[in-house]
file protein.txt (compact mmCIF, C-alpha atoms)
# COMPACT_ATOMS: atom_id res chain seq x y z
CA MET A 1 17.41 17.79 145.73
CA THR A 2 17.90 19.39 149.12
CA ALA A 3 16.11 22.54 150.27
CA VAL A 4 19.30 24.55 149.72
CA ASP A 5 19.59 23.24 146.15
CA LEU A 6 16.01 24.25 145.36
CA ILE A 7 16.49 27.72 146.84
CA ASP A 8 19.80 28.13 145.03
CA THR A 9 18.18 27.28 141.67
CA GLU A 10 15.32 29.73 142.24
CA VAL A 11 17.67 32.54 143.34
CA ARG A 12 19.86 32.10 140.28
CA GLU A 13 16.81 32.23 137.99
CA ILE A 14 15.62 35.50 139.56
CA VAL A 15 19.13 36.97 139.33
CA ARG A 16 19.23 36.11 135.62
CA GLN A 17 15.77 37.58 135.02
CA GLN A 18 16.72 40.85 136.73
CA GLY A 19 20.09 41.03 134.95
CA LEU A 20 22.09 41.40 138.15
CA ASP A 21 25.82 40.87 138.53
CA PRO A 22 26.00 38.71 141.68
CA ALA A 23 29.62 39.59 142.42
CA ALA A 24 29.09 43.34 142.03
CA GLU A 25 25.65 43.52 143.72
CA PRO A 26 25.74 41.16 146.74
CA ALA A 27 23.25 43.29 148.69
CA ALA A 28 20.62 42.86 145.97
CA VAL A 29 21.29 39.12 145.86
CA ARG A 30 20.98 38.94 149.64
CA ARG A 31 17.50 40.51 149.44
CA ILE A 32 16.48 37.96 146.80
CA VAL A 33 17.82 35.11 148.94
CA ASP A 34 15.82 36.31 151.95
CA GLN A 35 12.66 36.65 149.85
CA VAL A 36 13.04 33.19 148.32
CA ILE A 37 13.70 31.55 151.70
CA THR A 38 10.65 33.28 153.20
CA ALA A 39 8.49 32.10 150.26
CA TYR A 40 9.93 28.57 150.54
CA ASP A 41 9.16 28.47 154.25
CA GLU A 42 5.55 29.51 153.59
CA ARG A 43 5.11 26.93 150.80
CA SER A 44 6.45 24.17 153.00
CA LEU A 45 3.40 24.61 155.25
CA SER A 46 1.05 23.40 152.51
CA VAL A 47 3.31 21.44 150.15
CA ALA A 48 5.66 18.55 150.93
CA LEU A 49 9.13 20.07 150.50
CA PRO A 50 12.54 19.05 151.85
CA ALA A 51 13.15 20.41 155.34
CA LEU A 52 15.02 23.72 155.38
CA GLY A 53 16.69 23.40 158.78
CA ASP A 54 18.82 26.35 159.92
CA VAL A 55 17.51 29.35 157.95
CA GLY A 56 20.58 31.50 158.61
CA ALA A 57 23.02 28.78 157.54
CA ALA A 58 20.97 28.09 154.40
CA ALA A 59 20.90 31.78 153.47
CA ARG A 60 24.67 32.04 153.94
CA GLN A 61 25.31 28.91 151.87
CA VAL A 62 23.17 30.15 148.96
CA LEU A 63 24.62 33.66 149.10
CA ASP A 64 28.17 32.28 149.08
CA ALA A 65 27.35 30.03 146.14
CA VAL A 66 25.71 32.78 144.06
CA SER A 67 27.67 35.93 144.98
CA GLY A 68 30.85 34.56 146.51
CA LEU A 69 33.27 31.70 146.03
CA GLY A 70 31.07 28.94 147.35
CA PRO A 71 32.71 26.70 149.97
CA LEU A 72 35.84 28.90 150.03
CA GLN A 73 33.99 32.10 150.89
CA ARG A 74 33.85 31.39 154.63
CA TYR A 75 37.64 31.18 154.71
CA LEU A 76 37.99 34.47 152.84
CA ASP A 77 35.60 36.10 155.31
CA ASP A 78 37.46 34.67 158.33
CA PRO A 79 39.95 37.33 159.53
CA SER A 80 42.16 34.68 161.16
CA VAL A 81 42.79 32.95 157.80
CA GLU A 82 45.81 34.34 155.96
CA GLU A 83 45.92 32.03 152.94
CA VAL A 84 43.82 29.35 151.27
CA TRP A 85 45.18 26.74 148.87
CA ILE A 86 43.91 23.71 147.01
CA ASN A 87 46.29 20.87 146.16
CA GLU A 88 43.50 18.69 144.83
CA PRO A 89 39.70 18.88 145.14
CA SER A 90 39.66 16.81 148.32
CA ARG A 91 42.58 18.61 149.98
CA VAL A 92 41.84 22.24 150.81
CA PHE A 93 44.24 23.93 153.23
CA VAL A 94 44.25 27.24 155.10
CA ALA A 95 46.94 29.08 157.04
CA ARG A 96 46.22 30.69 160.38
CA HIS A 97 48.86 32.65 162.27
CA GLY A 98 51.58 31.25 160.03
CA ARG A 99 50.54 27.61 160.46
CA SER A 100 48.78 25.45 157.86
CA GLU A 101 45.86 23.13 158.52
CA LEU A 102 43.82 20.74 156.38
CA THR A 103 40.14 21.71 156.25
CA THR A 104 37.08 19.48 156.01
CA THR A 105 36.02 21.09 152.71
CA ILE A 106 35.64 18.57 149.88
CA LEU A 107 35.25 19.81 146.30
CA THR A 108 35.01 18.21 142.87
CA ALA A 109 37.24 18.91 139.87
CA GLU A 110 34.31 20.74 138.29
CA ASP A 111 33.89 22.87 141.43
CA VAL A 112 37.56 23.87 141.27
CA ARG A 113 37.38 24.91 137.61
CA ASP A 114 34.18 26.86 138.24
CA LEU A 115 35.79 28.68 141.17
CA VAL A 116 38.84 29.62 139.10
CA GLU A 117 36.63 30.89 136.28
CA ARG A 118 34.70 33.07 138.72
CA MET A 119 37.86 34.40 140.37
CA LEU A 120 39.48 35.32 137.05
CA LYS A 121 36.33 36.94 135.66
CA SER A 122 36.95 40.33 137.30
CA SER A 123 40.71 40.36 136.60
CA GLY A 124 40.60 40.02 132.82
CA ARG A 125 43.29 37.35 133.02
CA ARG A 126 43.09 33.75 131.87
CA VAL A 127 44.59 30.31 132.37
CA ASP A 128 44.73 27.64 129.64
CA VAL A 129 47.09 25.14 128.04
CA SER A 130 49.15 27.92 126.43
CA THR A 131 49.22 29.91 129.70
CA PRO A 132 49.25 27.30 132.48
CA PHE A 133 50.09 29.84 135.20
CA VAL A 134 48.18 32.96 136.17
CA ASP A 135 48.61 35.67 138.81
CA ALA A 136 45.59 37.85 139.50
CA MET A 137 43.94 39.97 142.16
CA LEU A 138 40.50 39.29 143.56
CA PRO A 139 38.08 42.18 144.15
CA ASP A 140 38.82 42.13 147.90
CA GLY A 141 42.57 42.57 147.26
CA SER A 142 43.54 38.93 147.77
CA ARG A 143 46.21 37.56 145.43
CA LEU A 144 45.36 34.52 143.31
CA HIS A 145 47.81 32.09 141.73
CA VAL A 146 46.70 29.14 139.61
CA ALA A 147 48.71 26.35 137.96
CA ILE A 148 47.10 23.66 135.81
CA PRO A 149 48.20 20.32 134.27
CA ASP A 150 50.44 19.33 132.66
CA VAL A 151 52.57 21.76 134.63
CA THR A 152 51.02 20.19 137.72
CA ARG A 153 50.79 16.40 137.88
CA THR A 154 47.03 15.80 137.91
CA HIS A 155 44.99 18.51 139.63
CA TRP A 156 44.70 22.28 139.45
CA ALA A 157 46.79 23.98 142.15
CA ILE A 158 45.27 27.17 143.56
CA ASN A 159 46.62 29.66 146.09
CA ILE A 160 44.65 32.60 147.47
CA ARG A 161 46.85 34.84 149.56
CA LYS A 162 44.71 37.27 151.50
CA PHE A 163 46.17 40.74 151.91
CA VAL A 164 45.32 41.16 155.57
CA VAL A 165 46.57 44.61 156.55
CA ARG A 166 47.25 44.04 160.22
CA ALA A 167 49.54 47.08 160.35
CA SER A 168 49.79 50.24 158.27
CA THR A 169 52.52 52.09 160.17
CA LEU A 170 55.82 51.22 161.80
CA ASP A 171 54.37 52.05 165.23
CA GLU A 172 51.72 49.39 164.74
CA LEU A 173 54.44 46.86 163.88
CA VAL A 174 56.08 47.73 167.20
CA CYS A 175 52.79 46.93 168.97
CA PHE A 176 52.70 43.56 167.20
CA GLY A 177 56.26 42.80 168.31
CA THR A 178 57.65 42.75 164.77
CA LEU A 179 60.36 45.25 165.65
CA THR A 180 61.46 47.44 168.53
CA THR A 181 60.76 51.12 169.06
CA SER A 182 64.37 52.16 168.36
CA ALA A 183 64.47 50.10 165.16
CA ALA A 184 61.16 51.63 164.03
CA ARG A 185 62.48 55.15 164.70
CA PHE A 186 65.60 54.34 162.72
CA LEU A 187 63.66 53.00 159.72
CA ASP A 188 61.31 55.97 159.82
CA ALA A 189 64.33 58.27 159.71
CA CYS A 190 65.86 56.31 156.81
CA VAL A 191 62.70 56.77 154.75
CA ALA A 192 62.43 60.45 155.63
CA ALA A 193 66.09 60.96 154.66
CA GLY A 194 65.51 59.32 151.26
CA LEU A 195 67.67 56.22 151.71
CA ASN A 196 67.13 53.19 149.48
CA VAL A 197 65.66 50.36 151.54
CA LEU A 198 65.63 46.68 150.65
CA VAL A 199 63.15 44.44 152.53
CA ALA A 200 64.18 40.77 152.53
CA GLY A 201 62.65 37.59 153.87
CA GLY A 202 60.98 34.31 153.00
CA THR A 203 57.47 33.66 151.74
CA GLN A 204 54.78 35.00 154.09
CA ALA A 205 57.43 36.63 156.30
CA GLY A 206 55.60 39.97 156.14
CA LYS A 207 57.71 41.72 153.49
CA THR A 208 54.80 43.46 151.76
CA THR A 209 53.29 44.57 155.07
CA LEU A 210 56.61 46.06 156.19
CA LEU A 211 57.08 47.72 152.80
CA ASN A 212 53.61 49.23 153.15
CA CYS A 213 54.47 50.52 156.63
CA LEU A 214 57.75 51.99 155.40
CA ALA A 215 55.93 53.71 152.55
CA ALA A 216 53.57 55.30 155.08
CA ALA A 217 56.60 57.20 156.43
CA ILE A 218 57.27 58.85 153.04
CA PRO A 219 56.74 62.64 153.28
CA ALA A 220 53.33 63.63 151.91
CA ARG A 221 54.88 66.12 149.47
CA GLU A 222 56.50 63.34 147.42
CA ARG A 223 55.08 61.71 144.29
CA VAL A 224 55.36 57.92 144.48
CA VAL A 225 55.10 55.42 141.62
CA THR A 226 54.69 51.73 142.50
CA CYS A 227 55.36 48.76 140.20
CA GLU A 228 53.88 45.35 141.04
CA GLU A 229 53.00 42.07 139.38
CA VAL A 230 49.62 42.24 141.13
CA PHE A 231 48.33 45.23 143.10
CA GLU A 232 49.06 44.63 146.79
CA LEU A 233 50.48 47.87 148.18
CA GLN A 234 48.03 50.30 149.74
CA LEU A 235 49.81 53.58 150.34
CA PRO A 236 48.11 56.27 152.46
CA LEU A 237 49.71 59.08 150.43
CA PRO A 238 48.06 61.85 148.39
CA ASP A 239 50.18 61.50 145.23
CA VAL A 240 50.52 57.83 144.22
CA VAL A 241 50.44 56.10 140.83
CA ALA A 242 50.14 52.29 140.98
CA LEU A 243 51.27 50.20 137.99
CA GLN A 244 50.61 46.49 137.42
CA THR A 245 51.98 43.96 134.94
CA ARG A 246 49.79 42.44 132.23
CA GLN A 247 49.62 39.02 130.61
CA PRO A 248 49.72 38.60 126.82
CA ASN A 249 46.34 38.29 125.11
CA LEU A 250 45.09 35.31 123.11
CA GLU A 251 47.25 36.39 120.16
CA GLY A 252 50.31 36.41 122.39
CA VAL A 253 50.75 40.19 122.36
CA GLY A 254 50.18 42.97 124.86
CA HIS A 255 52.44 41.58 127.57
CA ILE A 256 53.74 44.21 130.00
CA SER A 257 56.59 43.03 132.23
CA LEU A 258 57.85 44.42 135.51
CA ARG A 259 60.95 45.67 133.66
CA HIS A 260 58.70 47.66 131.36
CA LEU A 261 56.85 49.18 134.32
CA VAL A 262 60.08 50.30 136.01
CA LYS A 263 61.22 51.99 132.80
CA GLU A 264 57.87 53.71 132.31
CA ALA A 265 57.78 54.80 135.95
CA LEU A 266 60.89 56.92 135.38
CA ARG A 267 58.94 58.95 132.79
CA MET A 268 56.21 59.81 135.29
CA ARG A 269 58.14 62.36 137.36
CA PRO A 270 58.43 60.22 140.51
CA SER A 271 59.99 61.50 143.72
CA ARG A 272 60.34 57.88 144.81
CA ILE A 273 59.83 54.47 143.20
CA ILE A 274 58.64 51.29 144.92
CA VAL A 275 58.86 47.83 143.34
CA GLY A 276 56.66 45.24 145.03
CA GLU A 277 59.05 42.33 144.61
CA VAL A 278 62.28 41.88 142.66
CA ARG A 279 62.90 38.36 141.39
CA GLN A 280 64.37 38.58 137.89
CA GLN A 281 65.86 40.94 135.33
CA GLU A 282 63.86 43.91 136.60
CA CYS A 283 66.53 44.18 139.30
CA LEU A 284 68.82 45.77 136.70
CA ASP A 285 66.27 48.44 135.78
CA LEU A 286 65.66 49.20 139.45
CA LEU A 287 69.39 49.60 140.08
CA ILE A 288 69.67 51.95 137.11
CA ALA A 289 66.77 53.99 138.49
CA LEU A 290 68.32 54.16 141.96
CA ASN A 291 71.70 55.02 140.44
CA SER A 292 70.13 58.08 138.87
CA GLY A 293 69.50 59.61 142.27
CA LEU A 294 65.88 58.47 142.62
CA PRO A 295 65.10 57.08 146.11
CA GLY A 296 63.37 53.72 146.15
CA MET A 297 62.31 50.62 148.03
CA CYS A 298 61.57 47.01 147.13
CA THR A 299 61.24 43.51 148.55
CA ILE A 300 63.32 40.48 147.65
CA PRO A 301 63.08 36.81 148.76
CA ALA A 302 66.24 36.02 150.77
CA ASN A 303 67.32 34.24 153.93
CA SER A 304 69.40 37.08 155.39
CA ALA A 305 70.53 40.63 154.76
CA ARG A 306 73.83 39.32 153.35
CA GLU A 307 72.05 36.95 150.95
CA ALA A 308 69.70 39.74 149.88
CA VAL A 309 72.64 41.92 148.83
CA THR A 310 74.27 38.95 147.07
CA LYS A 311 71.04 38.30 145.21
CA MET A 312 70.84 41.94 144.14
CA CYS A 313 74.29 41.43 142.63
CA THR A 314 73.31 38.32 140.66
CA LEU A 315 69.76 38.98 139.42
CA PRO A 316 70.81 41.78 137.02
CA LEU A 317 73.09 39.28 135.25
CA LEU A 318 69.91 37.61 133.94
CA ALA A 319 69.21 40.69 131.83
CA GLY A 320 71.82 39.82 129.20
CA GLU A 321 75.33 38.64 128.43
CA ASN A 322 76.57 42.21 128.18
CA ILE A 323 75.79 42.81 131.87
CA GLY A 324 78.73 41.86 134.08
CA SER A 325 79.65 41.84 137.75
CA ARG A 326 82.17 44.64 137.22
CA PHE A 327 79.20 46.97 136.70
CA VAL A 328 76.61 45.37 138.95
CA VAL A 329 78.55 44.86 142.20
CA PRO A 330 79.73 48.47 142.68
CA THR A 331 76.31 49.71 141.56
CA VAL A 332 74.61 47.65 144.27
CA ALA A 333 77.13 48.93 146.81
CA GLY A 334 76.37 52.50 145.81
CA CYS A 335 72.60 52.18 145.47
CA VAL A 336 71.37 49.96 148.31
CA ASP A 337 71.62 51.78 151.65
CA VAL A 338 69.70 49.70 154.19
CA VAL A 339 68.54 46.05 154.23
CA VAL A 340 65.79 44.85 156.58
CA HIS A 341 65.44 41.09 157.01
CA LEU A 342 62.30 39.45 158.42
CA ALA A 343 61.54 35.87 159.33
CA THR A 344 58.67 33.89 160.80
CA ASP A 345 59.10 32.29 164.23
CA ILE A 346 57.96 28.74 164.99
CA ASP A 347 54.79 30.11 166.58
CA GLY A 348 53.97 32.06 163.38
CA THR A 349 55.05 35.49 164.67
CA ARG A 350 56.78 37.65 162.08
CA ARG A 351 59.81 39.53 163.36
CA VAL A 352 62.59 41.71 161.99
CA ARG A 353 65.77 39.69 162.54
CA GLU A 354 68.33 42.23 161.40
CA ILE A 355 68.77 45.67 159.92
CA ALA A 356 72.02 46.13 158.02
CA ALA A 357 73.63 49.14 156.40
CA VAL A 358 75.49 49.06 153.09
CA PRO A 359 78.30 51.63 153.46
CA GLY A 360 79.25 51.48 149.78
CA ARG A 361 82.52 49.56 150.06
CA VAL A 362 83.45 46.54 147.94
CA GLU A 363 86.18 44.08 148.91
CA GLY A 364 87.08 41.38 146.42
CA ASP A 365 83.79 41.63 144.50
CA VAL A 366 81.88 41.33 147.79
CA VAL A 367 79.69 44.19 148.95
CA GLU A 368 80.37 44.98 152.60
CA ILE A 369 77.50 45.33 155.06
CA GLU A 370 77.38 46.55 158.65
CA PRO A 371 74.74 45.38 161.17
CA VAL A 372 72.85 48.33 162.62
CA PHE A 373 70.40 46.18 164.59
CA ALA A 374 70.84 42.46 165.22
CA GLN A 375 69.22 39.63 167.18
CA HIS A 376 70.65 39.03 170.66
CA ASN A 377 68.95 36.59 173.06
CA GLY A 378 65.82 36.74 170.97
CA ARG A 379 65.68 40.54 170.93
CA LEU A 380 66.51 43.07 168.23
CA VAL A 381 69.23 45.29 169.72
CA ARG A 382 71.57 48.02 168.54
CA ALA A 383 74.74 46.78 166.84
CA ASP A 384 77.86 48.72 165.78
CA GLY A 385 77.00 49.75 162.22
CA TYR A 386 75.96 53.13 160.88
CA PRO A 387 73.99 53.86 157.70
CA PRO A 388 75.60 55.79 154.84
CA HIS A 389 74.72 59.34 153.77
CA ALA A 390 74.74 61.08 157.14
CA GLU A 391 74.29 64.35 155.23
CA ARG A 392 70.84 63.23 154.05
CA PHE A 393 69.74 62.69 157.64
CA ALA A 394 71.05 66.14 158.51
CA ARG A 395 69.12 67.72 155.62
CA ALA A 396 65.98 66.04 156.92
CA GLY A 397 66.61 67.52 160.37
CA ILE A 398 67.55 64.18 161.96
CA ASP A 399 70.44 63.82 164.43
CA LEU A 400 71.74 60.41 163.39
CA ALA A 401 74.21 60.13 166.28
CA ASP A 402 71.47 60.73 168.85
CA LEU A 403 69.07 58.43 166.99
CA LEU A 404 71.48 55.50 167.27
CA SER A 405 73.10 56.42 170.58
CA GLU A 406 73.33 54.02 173.49
CA ARG A 407 71.52 56.62 175.56
CA GLY A 408 68.47 56.35 173.33
CA ASN A 409 68.45 52.56 173.60
CA VAL A 410 68.80 52.67 177.37
CA ARG A 411 65.81 55.04 177.55
CA GLU A 412 63.77 52.62 175.43
CA LEU A 413 64.69 49.58 177.55
CA ALA A 414 63.78 51.48 180.74
CA THR A 415 60.42 52.50 179.26
CA GLU A 416 59.61 48.96 178.11
CA GLY A 417 60.71 47.55 181.47
CA ALA A 418 58.42 49.91 183.32
CA ALA A 419 55.55 48.95 181.02

call {"tool": "encode", "arguments": {"input": "protein.txt", "output": "structure tokens"}}
result
Amino acid sequence: MTAVDLIDTEVREIVRQQGLDPAAEPAAVRRIVDQVITAYDERSLSVALPALGDVGAAARQVLDAVSGLGPLQRYLDDPSVEEVWINEPSRVFVARHGRSELTTTILTAEDVRDLVERMLKSSGRRVDVSTPFVDAMLPDGSRLHVAIPDVTRTHWAINIRKFVVRASTLDELVCFGTLTTSAARFLDACVAAGLNVLVAGGTQAGKTTLLNCLAAAIPARERVVTCEEVFELQLPLPDVVALQTRQPNLEGVGHISLRHLVKEALRMRPSRIIVGEVRQQECLDLLIALNSGLPGMCTIPANSAREAVTKMCTLPLLAGENIGSRFVVPTVAGCVDVVVHLATDIDGTRRVREIAAVPGRVEGDVVEIEPVFAQHNGRLVRADGYPPHAERFARAGIDLADLLSERGNVRELATEGAA
């Protein structure tokens, strides 16, 4: 055994004797690790023991193994790492700045199972032959997804998506180059006026971050209810209720779907409802909620603003044979007001590619959209469209014409040029 193995064994024995929860009490475990290493160092002066080497590295390795997620912990602690995934024990990947890279970490199948067991311990969720997929949240807010054979070919597939809050307001997104000042002012006004906003984009395009920043613009007097598969949104508002789905128990009962959450949210006196991501039948329940006059926001995976609206028209059809396009299409046209589409550049930078308005018109079963901001020469610039419900902007004390005027855009370009 190596010195680290001996220290690890001794630390675990002391932790068991003291009845500590390593995950919940890392500071106490750290003190034990330091004490054991000091004692080991002193013993090595009189007894032949394996060389310890770098004391700091040994302490970190033992602490990660006992209180953290072992070899993966250093990636979770690294702020530049956005996601960690395991395709097989010998192939562990991370994503930095939107780009993936294969790490030098080598695990065993037993290591992988042990890590999953530890990660699921705090969530109360499980993965087994009857439930080969699981979505859960780690204590630090990271999102975990696990798939096991025979859904996967041979090995367990694990994804840990870290929720790295690089921005919490629209102004911070402007600083990161995600959108322009005029586009941020427009989106801020849309939220303040109570328009329904749809955030679209691909995986890891920054949809949840943008949704979080949009939610930060909600007036503090409003009561907000959020519905998510796994808690990811972090809203800096005084009156927020966060709801999360639940898996069925071992008897196959107790399942709470996203559809159920949306329905229950309407009974909680919300001023505004936010759905983390719409992918299935819950789209129908969200549309019904928005059609009742309740402002809301959500994200949806889509390649453009047009495709996002089309998807909103098709997902509700999954709810049942009695749901038809004759109801859904005009409902989408009347409920969705603004669509924001993001995408990731080749260099990993996340940018808003377009902001489109949905004026409420339908032509041949196709919902019309108007570009309010669009990409031109790599820059998000003002287009010709206008959002619906000008009266809502007026009630919020916002001059929509001045907000979207050419004069305002010229002022912004002059300011940025001077900078």

call {"tool": "closest_atom_pairs", "arguments": {"input": "protein.txt", "of": "range 186-255 of chain A", "to": "range 143-164 of chain A", "cutoff": "12 Å", "atoms": "all atoms listed in the file", "output": "JSON lines"}}
result
{"residue": "A:Thr203", "atom": "CA", "partner": "A:Arg161", "partner_atom": "CA", "distance": 10.9}
{"residue": "A:Gln204", "atom": "CA", "partner": "A:Arg161", "partner_atom": "CA", "distance": 9.1}
{"residue": "A:Gly206", "atom": "CA", "partner": "A:Phe163", "partner_atom": "CA", "distance": 10.4}
{"residue": "A:Lys207", "atom": "CA", "partner": "A:Phe163", "partner_atom": "CA", "distance": 11.7}
{"residue": "A:Thr208", "atom": "CA", "partner": "A:Phe163", "partner_atom": "CA", "distance": 9.0}
{"residue": "A:Thr209", "atom": "CA", "partner": "A:Phe163", "partner_atom": "CA", "distance": 8.7}
{"residue": "A:Asn212", "atom": "CA", "partner": "A:Phe163", "partner_atom": "CA", "distance": 11.4}
{"residue": "A:Glu228", "atom": "CA", "partner": "A:Arg143", "partner_atom": "CA", "distance": 11.8}
{"residue": "A:Glu229", "atom": "CA", "partner": "A:Arg143", "partner_atom": "CA", "distance": 10.2}
{"residue": "A:Val230", "atom": "CA", "partner": "A:Arg143", "partner_atom": "CA", "distance": 7.2}
{"residue": "A:Phe231", "atom": "CA", "partner": "A:Arg143", "partner_atom": "CA", "distance": 8.3}
{"residue": "A:Glu232", "atom": "CA", "partner": "A:Phe163", "partner_atom": "CA", "distance": 7.0}
{"residue": "A:Leu233", "atom": "CA", "partner": "A:Phe163", "partner_atom": "CA", "distance": 9.1}
{"residue": "A:Gln234", "atom": "CA", "partner": "A:Phe163", "partner_atom": "CA", "distance": 10.0}

call {"tool": "write_last_selection", "arguments": {"input": "protein.txt", "atoms": "C-alpha atoms", "output": "mmCIF file, keeping the file's coordinate frame"}}
result
data_model
loop_
_atom_site.group_PDB
_atom_site.id
_atom_site.type_symbol
_atom_site.label_atom_id
_atom_site.label_comp_id
_atom_site.auth_asym_id
_atom_site.auth_seq_id
_atom_site.Cartn_x
_atom_site.Cartn_y
_atom_site.Cartn_z
ATOM 1 C CA THR A 203 57.470 33.660 151.740
ATOM 2 C CA GLN A 204 54.780 35.000 154.090
ATOM 3 C CA GLY A 206 55.600 39.970 156.140
ATOM 4 C CA LYS A 207 57.710 41.720 153.490
ATOM 5 C CA THR A 208 54.800 43.460 151.760
ATOM 6 C CA THR A 209 53.290 44.570 155.070
ATOM 7 C CA ASN A 212 53.610 49.230 153.150
ATOM 8 C CA GLU A 228 53.880 45.350 141.040
ATOM 9 C CA GLU A 229 53.000 42.070 139.380
ATOM 10 C CA VAL A 230 49.620 42.240 141.130
ATOM 11 C CA PHE A 231 48.330 45.230 143.100
ATOM 12 C CA GLU A 232 49.060 44.630 146.790
ATOM 13 C CA LEU A 233 50.480 47.870 148.180
ATOM 14 C CA GLN A 234 48.030 50.300 149.740
#

call {"tool": "residues_around", "arguments": {"input": "protein.txt", "residues": "Leu284 in chain A", "least_positions_apart": "3", "cutoff": "6 Å", "atoms": "all atoms listed in the file", "output": "list in words"}}
result
Gln281, Leu287 and Pro316 of chain A

call {"tool": "closest_residue", "arguments": {"input": "protein.txt", "among": "A:Glu264, A:Asp34, A:Glu83, A:Asp41", "to": "Ala3 in chain A", "atoms": "all atoms listed in the file"}}
result
A:Asp41

call {"tool": "atom_distance", "arguments": {"input": "protein.txt", "atom1": "CA of Gln35 in chain A", "atom2": "CA of Val55 in chain A"}}
result
11.9 Å

call {"tool": "closest_residue", "arguments": {"input": "protein.txt", "among": "A:Arg272, A:Pro236, A:Cys190, A:Leu72", "to": "Glu391 in chain A", "atoms": "all atoms listed in the file"}}
result
A:Cys190

call {"tool": "residues_around", "arguments": {"input": "protein.txt", "residues": "Leu195 in chain A", "least_positions_apart": "2", "cutoff": "12 Å", "atoms": "all atoms listed in the file", "output": "ChimeraX atom specification"}}
result
/A:186-193,197-198,214,218,272-273,290,293-298,334-339,357-359,387-393,396

call {"tool": "residues_around", "arguments": {"input": "protein.txt", "residues": "Glu117 in chain A", "least_positions_apart": "5", "cutoff": "12 Å", "atoms": "only C-alpha atoms", "output": "PyMOL selection string"}}
result
chain A and resi 69+110-112+122-128+134+136+138+144+146+158

call {"tool": "write_last_selection", "arguments": {"input": "protein.txt", "atoms": "C-alpha atoms", "output": "short mmCIF file (atom, residue, chain, number, x, y, z; two decimals), in the coordinates of the input"}}
result
data_model
loop_
_atom_site.label_atom_id
_atom_site.label_comp_id
_atom_site.auth_asym_id
_atom_site.auth_seq_id
_atom_site.Cartn_x
_atom_site.Cartn_y
_atom_site.Cartn_z
CA LEU A 69 33.27 31.70 146.03
CA GLU A 110 34.31 20.74 138.29
CA ASP A 111 33.89 22.87 141.43
CA VAL A 112 37.56 23.87 141.27
CA SER A 122 36.95 40.33 137.30
CA SER A 123 40.71 40.36 136.60
CA GLY A 124 40.60 40.02 132.82
CA ARG A 125 43.29 37.35 133.02
CA ARG A 126 43.09 33.75 131.87
CA VAL A 127 44.59 30.31 132.37
CA ASP A 128 44.73 27.64 129.64
CA VAL A 134 48.18 32.96 136.17
CA ALA A 136 45.59 37.85 139.50
CA LEU A 138 40.50 39.29 143.56
CA LEU A 144 45.36 34.52 143.31
CA VAL A 146 46.70 29.14 139.61
CA ILE A 158 45.27 27.17 143.56
#

call {"tool": "closest_residue", "arguments": {"input": "protein.txt", "among": "A:Tyr75, A:Gln18, A:Arg118, A:Met312", "to": "Thr104 in chain A", "atoms": "only C-alpha atoms"}}
result
A:Tyr75

call {"tool": "atom_distance", "arguments": {"input": "protein.txt", "atom1": "CA of Ile106 in chain A", "atom2": "CA of Asp64 in chain A"}}
result
15.6 Å

call {"tool": "atom_distance", "arguments": {"input": "protein.txt", "atom1": "CA of Leu261 in chain A", "atom2": "CA of Ile274 in chain A"}}
result
11.0 Å

call {"tool": "closest_residue", "arguments": {"input": "protein.txt", "among": "A:Val224, A:Val262, A:Ile32, A:Ala183", "to": "Pro371 in chain A", "atoms": "only C-alpha atoms"}}
result
A:Ala183

call {"tool": "closest_residue", "arguments": {"input": "protein.txt", "among": "A:His97, A:Val15, A:Thr131, A:Ala383", "to": "Gly252 in chain A", "atoms": "all atoms listed in the file"}}
result
A:Thr131

call {"tool": "closest_residue", "arguments": {"input": "protein.txt", "among": "A:Phe176, A:Leu243, A:Ala58, A:Glu282", "to": "Thr2 in chain A", "atoms": "only C-alpha atoms"}}
result
A:Ala58

call {"tool": "residues_around", "arguments": {"input": "protein.txt", "residues": "Gly68 in chain A", "least_positions_apart": "2", "cutoff": "9 Å", "atoms": "all atoms listed in the file", "output": "compact mmCIF listing (two decimals) with C-alpha atoms, keeping the file's coordinate frame"}}
result
# COMPACT_ATOMS: atom_id res chain seq x y z
CA PRO A 22 26.00 38.71 141.68
CA ALA A 23 29.62 39.59 142.42
CA PRO A 26 25.74 41.16 146.74
CA LEU A 63 24.62 33.66 149.10
CA ASP A 64 28.17 32.28 149.08
CA ALA A 65 27.35 30.03 146.14
CA VAL A 66 25.71 32.78 144.06
CA GLY A 70 31.07 28.94 147.35
CA PRO A 71 32.71 26.70 149.97
CA LEU A 72 35.84 28.90 150.03
CA GLN A 73 33.99 32.10 150.89
CA ARG A 118 34.70 33.07 138.72

call {"tool": "residues_around", "arguments": {"input": "protein.txt", "residues": "Val362 in chain A", "least_positions_apart": "5", "cutoff": "12 Å", "atoms": "all atoms listed in the file", "output": "ChimeraX atom specification"}}
result
/A:309-310,313,325-326,328-334,367-369

call {"tool": "write_last_selection", "arguments": {"input": "protein.txt", "atoms": "C-alpha atoms", "output": "CSV table (one decimal), in the frame of the given file"}}
result
chain,number,residue,atom,x,y,z
A,309,VAL,CA,72.6,41.9,148.8
A,310,THR,CA,74.3,39.0,147.1
A,313,CYS,CA,74.3,41.4,142.6
A,325,SER,CA,79.6,41.8,137.8
A,326,ARG,CA,82.2,44.6,137.2
A,328,VAL,CA,76.6,45.4,139.0
A,329,VAL,CA,78.6,44.9,142.2
A,330,PRO,CA,79.7,48.5,142.7
A,331,THR,CA,76.3,49.7,141.6
A,332,VAL,CA,74.6,47.6,144.3
A,333,ALA,CA,77.1,48.9,146.8
A,334,GLY,CA,76.4,52.5,145.8
A,367,VAL,CA,79.7,44.2,149.0
A,368,GLU,CA,80.4,45.0,152.6
A,369,ILE,CA,77.5,45.3,155.1
